Amino acid sequence: NKLGGVIALIMSIAILFILPIIHVNNSQGLQFYPLNQILFWYMVIIIILLTWIGARPVEDPYILTGQILTVLYFMYYLINPLIIKMWDNLLN
């Protein structure tokens, strides 16, 4: 579906602009959040794999892999703030 692809492309860029605006956490840095450090490297791997999948032909195993990686890409932006809040509540 081309419309779904266009919406996903716009959302992947828009989320990078929206997050700093809605970020009201008093987090100190990634060095104080060990789970988020793991998630960061998880995100780096996902971006590398999405780049690789984008260069592959539109065939059966690559389509499903790209869809799964896209869902994981957006899940990172949902899970990361939740883990920061959980970690802050655990420490306080």
# chains A, B, ... in the order shown; residues from 1 in each chain; ligands from 1
$ residues_around --residues "segment 43-59 of chain A" --least-positions-apart "3" --cutoff "12 Å" --atoms "only C-alpha atoms" --output "list in words"
Ser12, Asn36, Gln37, Ile38, Leu39, Phe40, Tyr62, Ile63, Leu64, Thr65, Gly66, Gln67, Ile68, Leu69, Thr70, Val71, Leu72, Tyr73, Phe74, Met75, Tyr76, Tyr77, Ile79 and Asn80 of chain A
$ atom_distance --atom1 "atom CA of Trp87 of chain A" --atom2 "atom CA of Ile21 of chain A"
21.5 Å
$ closest_residue --among "A:Phe32, A:Asp60, A:Ile15, A:Leu90" --to "Leu78 of chain A" --atoms "only C-alpha atoms"
A:Ile15
$ select_by_dssp --residues "chain A" --states "alpha helix (DSSP H)" --output "PyMOL selection string"
chain A and resi 2-22+34-54+60-91
$ atom_distance --atom1 "atom CA of Asp88 of chain A" --atom2 "atom CA of Gln31 of chain A"
13.2 Å
$ closest_residue --among "A:Tyr42, A:Pro61, A:Pro34, A:Ala8" --to "Ile84 of chain A" --atoms "only C-alpha atoms"
A:Pro34
$ atom_distance --atom1 "atom CA of Ile18 of chain A" --atom2 "atom CA of Asn1 of chain A"
25.3 Å
